[in-house]
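**Q** Attaching a single structure in structure tokens format; questions to follow.
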Amino acid sequence: MLVELEIDTKVPLRGCMSTLVIPDYDLVQPLSLGKNIVRFTPTKAGPVSLTCGMGAEMGKILVSS
């Protein structure tokens with residue numbers, strides 16, 4: 001099932017924080033000011049890490065089956 005994340009960036013992001021990475025799915029998404037839509041299709045249940053462009057964890061989402 002397709003997952004769609006809406007990220008509403010309120011301030012300009014700079015450096016590595018301007019990129020959202022989902023390492024488990026080889027997804028790299030630049031984030032611009034305003035609404036950003038990130039889509040991916042999980043292949044397994046469990047936690048999915050969200051990182052900045054340099055790999056620092058920004059958060060996690062939990063995929064359930």
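Chain lettering (A, B, ...) mirrors the order of the structure tokens, residue numbering begins at 1 for each chain separately, and ligand numbering begins at 1 in order of display.
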If you count only C-alpha atoms, which residues fall within 9 Å of region 5-15 of chain A, apart from same-chain ones fewer than 4 positions away, as a ChimeraX atom specification?
**A** /A:19,31-40,53
**Q** Using C-alpha atoms, can you export the residues from the last selection as a compact mmCIF listing (two decimals), in the first residue's frame?
**A**
```
# COMPACT_ATOMS: atom_id res chain seq x y z
CA THR A 19 16.67 16.76 2.44
CA LEU A 31 12.24 19.70 1.00
CA SER A 32 11.21 23.16 -0.14
CA LEU A 33 9.26 25.86 1.67
CA GLY A 34 5.57 24.94 1.92
CA LYS A 35 3.87 21.60 1.41
CA ASN A 36 5.99 18.66 0.30
CA ILE A 37 4.54 15.25 -0.54
CA VAL A 38 6.69 12.16 -0.01
CA ARG A 39 5.40 8.85 -1.39
CA PHE A 40 6.78 5.34 -1.00
CA GLY A 53 20.87 14.17 4.14
```
**Q** Quick one: residues within 9 Å of Tyr25 (chain A), only C-alpha atoms counted, chain neighbours fewer than 3 positions away excluded, as a ChimeraX atom specification?
**A** /A:21-22,28,40-43
**Q** Write the residues of the preceding selection, restricted to C-alpha atoms, as a CSV table (one decimal), in the first residue's frame.
**A**
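The result, written out as out.csv:
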```
chain,number,residue,atom,x,y,z
A,21,VAL,CA,16.0,10.5,3.4
A,22,ILE,CA,14.3,7.1,4.0
A,28,VAL,CA,15.9,11.0,-1.1
A,40,PHE,CA,6.8,5.3,-1.0
A,41,THR,CA,5.5,1.8,-0.8
A,42,PRO,CA,6.7,-0.1,2.3
A,43,THR,CA,7.6,-3.8,1.7
```
**Q** From a DSSP calculation on the backbone, collect every residue of region 1-57 of chain A in helix (DSSP H, G or I) and output the set as an mmCIF file with N, CA, C and O atoms, in the first residue's frame.
**A**
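Now in states.cif:
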```
data_model
loop_
_atom_site.group_PDB
_atom_site.id
_atom_site.type_symbol
_atom_site.label_atom_id
_atom_site.label_comp_id
_atom_site.auth_asym_id
_atom_site.auth_seq_id
_atom_site.Cartn_x
_atom_site.Cartn_y
_atom_site.Cartn_z
ATOM 1 N N GLY A 15 21.213 23.289 4.322
ATOM 2 C CA GLY A 15 22.145 22.183 4.524
ATOM 3 C C GLY A 15 21.463 20.833 4.457
ATOM 4 O O GLY A 15 20.502 20.629 3.711
ATOM 5 N N CYS A 16 21.942 19.909 5.286
ATOM 6 C CA CYS A 16 21.431 18.542 5.233
ATOM 7 C C CYS A 16 19.970 18.451 5.679
ATOM 8 O O CYS A 16 19.269 17.515 5.307
ATOM 9 N N MET A 17 19.485 19.430 6.442
ATOM 10 C CA MET A 17 18.099 19.399 6.914
ATOM 11 C C MET A 17 17.101 19.695 5.787
ATOM 12 O O MET A 17 15.909 19.507 5.952
ATOM 13 N N SER A 18 17.590 20.129 4.646
ATOM 14 C CA SER A 18 16.695 20.413 3.516
ATOM 15 C C SER A 18 16.420 19.165 2.673
ATOM 16 O O SER A 18 15.778 19.252 1.633
ATOM 17 N N PRO A 23 16.295 5.746 4.336
ATOM 18 C CA PRO A 23 17.351 4.828 3.894
ATOM 19 C C PRO A 23 16.862 3.443 3.498
ATOM 20 O O PRO A 23 17.370 2.862 2.541
ATOM 21 N N ASP A 24 15.876 2.899 4.228
ATOM 22 C CA ASP A 24 15.398 1.547 3.931
ATOM 23 C C ASP A 24 14.802 1.417 2.532
ATOM 24 O O ASP A 24 14.699 0.312 1.997
ATOM 25 N N TYR A 25 14.392 2.544 1.952
ATOM 26 C CA TYR A 25 13.735 2.510 0.641
ATOM 27 C C TYR A 25 14.479 3.340 -0.403
ATOM 28 O O TYR A 25 13.931 3.658 -1.451
#
```
**Q** Using DSSP on the backbone coordinates, identify all residues within region 28-65 of chain A classified as strand (DSSP E); present the result as a list of chain:residue names.
**A** A:Val28, A:Gln29, A:Pro30, A:Gly34, A:Lys35, A:Asn36, A:Ile37, A:Val38, A:Arg39, A:Phe40, A:Gly46, A:Pro47, A:Val48, A:Ser49, A:Leu50, A:Thr51, A:Glu57, A:Met58, A:Gly59, A:Lys60, A:Ile61, A:Leu62, A:Val63
**Q** Taking N, CA and C atoms for each residue, export the selection above as a PDB file, in the first residue's frame.
**A**
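Result written to part24.pdb:
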```
ATOM      1  N   VAL A  28      15.254   9.718  -1.462  1.00  0.00           N
ATOM      2  CA  VAL A  28      15.854  11.002  -1.127  1.00  0.00           C
ATOM      3  C   VAL A  28      14.916  12.075  -1.666  1.00  0.00           C
ATOM      4  N   GLN A  29      14.404  12.916  -0.769  1.00  0.00           N
ATOM      5  CA  GLN A  29      13.409  13.920  -1.157  1.00  0.00           C
ATOM      6  C   GLN A  29      13.865  15.299  -0.692  1.00  0.00           C
ATOM      7  N   PRO A  30      14.196  16.202  -1.631  1.00  0.00           N
ATOM      8  CA  PRO A  30      14.480  17.581  -1.234  1.00  0.00           C
ATOM      9  C   PRO A  30      13.212  18.214  -0.659  1.00  0.00           C
ATOM     10  N   GLY A  34       6.963  25.279   2.217  1.00  0.00           N
ATOM     11  CA  GLY A  34       5.572  24.937   1.920  1.00  0.00           C
ATOM     12  C   GLY A  34       5.333  23.448   2.006  1.00  0.00           C
ATOM     13  N   LYS A  35       4.260  23.008   1.339  1.00  0.00           N
ATOM     14  CA  LYS A  35       3.871  21.600   1.411  1.00  0.00           C
ATOM     15  C   LYS A  35       4.711  20.734   0.476  1.00  0.00           C
ATOM     16  N   ASN A  36       5.204  19.649   1.035  1.00  0.00           N
ATOM     17  CA  ASN A  36       5.992  18.661   0.304  1.00  0.00           C
ATOM     18  C   ASN A  36       5.304  17.312   0.475  1.00  0.00           C
ATOM     19  N   ILE A  37       5.150  16.569  -0.597  1.00  0.00           N
ATOM     20  CA  ILE A  37       4.540  15.252  -0.542  1.00  0.00           C
ATOM     21  C   ILE A  37       5.629  14.215  -0.797  1.00  0.00           C
ATOM     22  N   VAL A  38       5.729  13.256   0.113  1.00  0.00           N
ATOM     23  CA  VAL A  38       6.688  12.158  -0.006  1.00  0.00           C
ATOM     24  C   VAL A  38       5.876  10.870  -0.114  1.00  0.00           C
ATOM     25  N   ARG A  39       6.132  10.099  -1.166  1.00  0.00           N
ATOM     26  CA  ARG A  39       5.401   8.848  -1.386  1.00  0.00           C
ATOM     27  C   ARG A  39       6.379   7.682  -1.490  1.00  0.00           C
ATOM     28  N   PHE A  40       6.010   6.574  -0.853  1.00  0.00           N
ATOM     29  CA  PHE A  40       6.778   5.342  -0.998  1.00  0.00           C
ATOM     30  C   PHE A  40       5.875   4.169  -0.641  1.00  0.00           C
ATOM     31  N   GLY A  46       6.915  -2.547  10.452  1.00  0.00           N
ATOM     32  CA  GLY A  46       7.907  -2.179  11.451  1.00  0.00           C
ATOM     33  C   GLY A  46       8.284  -0.727  11.346  1.00  0.00           C
ATOM     34  N   PRO A  47       9.242  -0.300  12.178  1.00  0.00           N
ATOM     35  CA  PRO A  47       9.652   1.105  12.171  1.00  0.00           C
ATOM     36  C   PRO A  47      10.467   1.441  10.920  1.00  0.00           C
ATOM     37  N   VAL A  48      10.266   2.657  10.422  1.00  0.00           N
ATOM     38  CA  VAL A  48      11.002   3.166   9.267  1.00  0.00           C
ATOM     39  C   VAL A  48      11.645   4.479   9.705  1.00  0.00           C
ATOM     40  N   SER A  49      12.962   4.568   9.627  1.00  0.00           N
ATOM     41  CA  SER A  49      13.680   5.770  10.037  1.00  0.00           C
ATOM     42  C   SER A  49      13.636   6.835   8.954  1.00  0.00           C
ATOM     43  N   LEU A  50      13.495   8.083   9.407  1.00  0.00           N
ATOM     44  CA  LEU A  50      13.578   9.249   8.534  1.00  0.00           C
ATOM     45  C   LEU A  50      14.823  10.009   8.957  1.00  0.00           C
ATOM     46  N   THR A  51      15.707  10.317   8.006  1.00  0.00           N
ATOM     47  CA  THR A  51      16.950  10.997   8.353  1.00  0.00           C
ATOM     48  C   THR A  51      17.126  12.249   7.517  1.00  0.00           C
ATOM     49  N   GLU A  57      19.105  10.861  12.472  1.00  0.00           N
ATOM     50  CA  GLU A  57      17.694  10.507  12.541  1.00  0.00           C
ATOM     51  C   GLU A  57      16.841  11.728  12.880  1.00  0.00           C
ATOM     52  N   MET A  58      15.797  11.941  12.073  1.00  0.00           N
ATOM     53  CA  MET A  58      14.852  13.030  12.280  1.00  0.00           C
ATOM     54  C   MET A  58      13.552  12.520  12.881  1.00  0.00           C
ATOM     55  N   GLY A  59      13.300  11.226  12.750  1.00  0.00           N
ATOM     56  CA  GLY A  59      12.077  10.651  13.281  1.00  0.00           C
ATOM     57  C   GLY A  59      11.883   9.250  12.743  1.00  0.00           C
ATOM     58  N   LYS A  60      10.750   8.663  13.116  1.00  0.00           N
ATOM     59  CA  LYS A  60      10.398   7.325  12.655  1.00  0.00           C
ATOM     60  C   LYS A  60       8.905   7.286  12.389  1.00  0.00           C
ATOM     61  N   ILE A  61       8.514   6.434  11.477  1.00  0.00           N
ATOM     62  CA  ILE A  61       7.102   6.113  11.305  1.00  0.00           C
ATOM     63  C   ILE A  61       6.977   4.608  11.496  1.00  0.00           C
ATOM     64  N   LEU A  62       5.816   4.171  11.905  1.00  0.00           N
ATOM     65  CA  LEU A  62       5.588   2.752  12.127  1.00  0.00           C
ATOM     66  C   LEU A  62       4.636   2.230  11.077  1.00  0.00           C
ATOM     67  N   VAL A  63       5.101   1.263  10.300  1.00  0.00           N
ATOM     68  CA  VAL A  63       4.278   0.632   9.260  1.00  0.00           C
ATOM     69  C   VAL A  63       3.667  -0.623   9.858  1.00  0.00           C
TER      70      VAL A  63
END
```
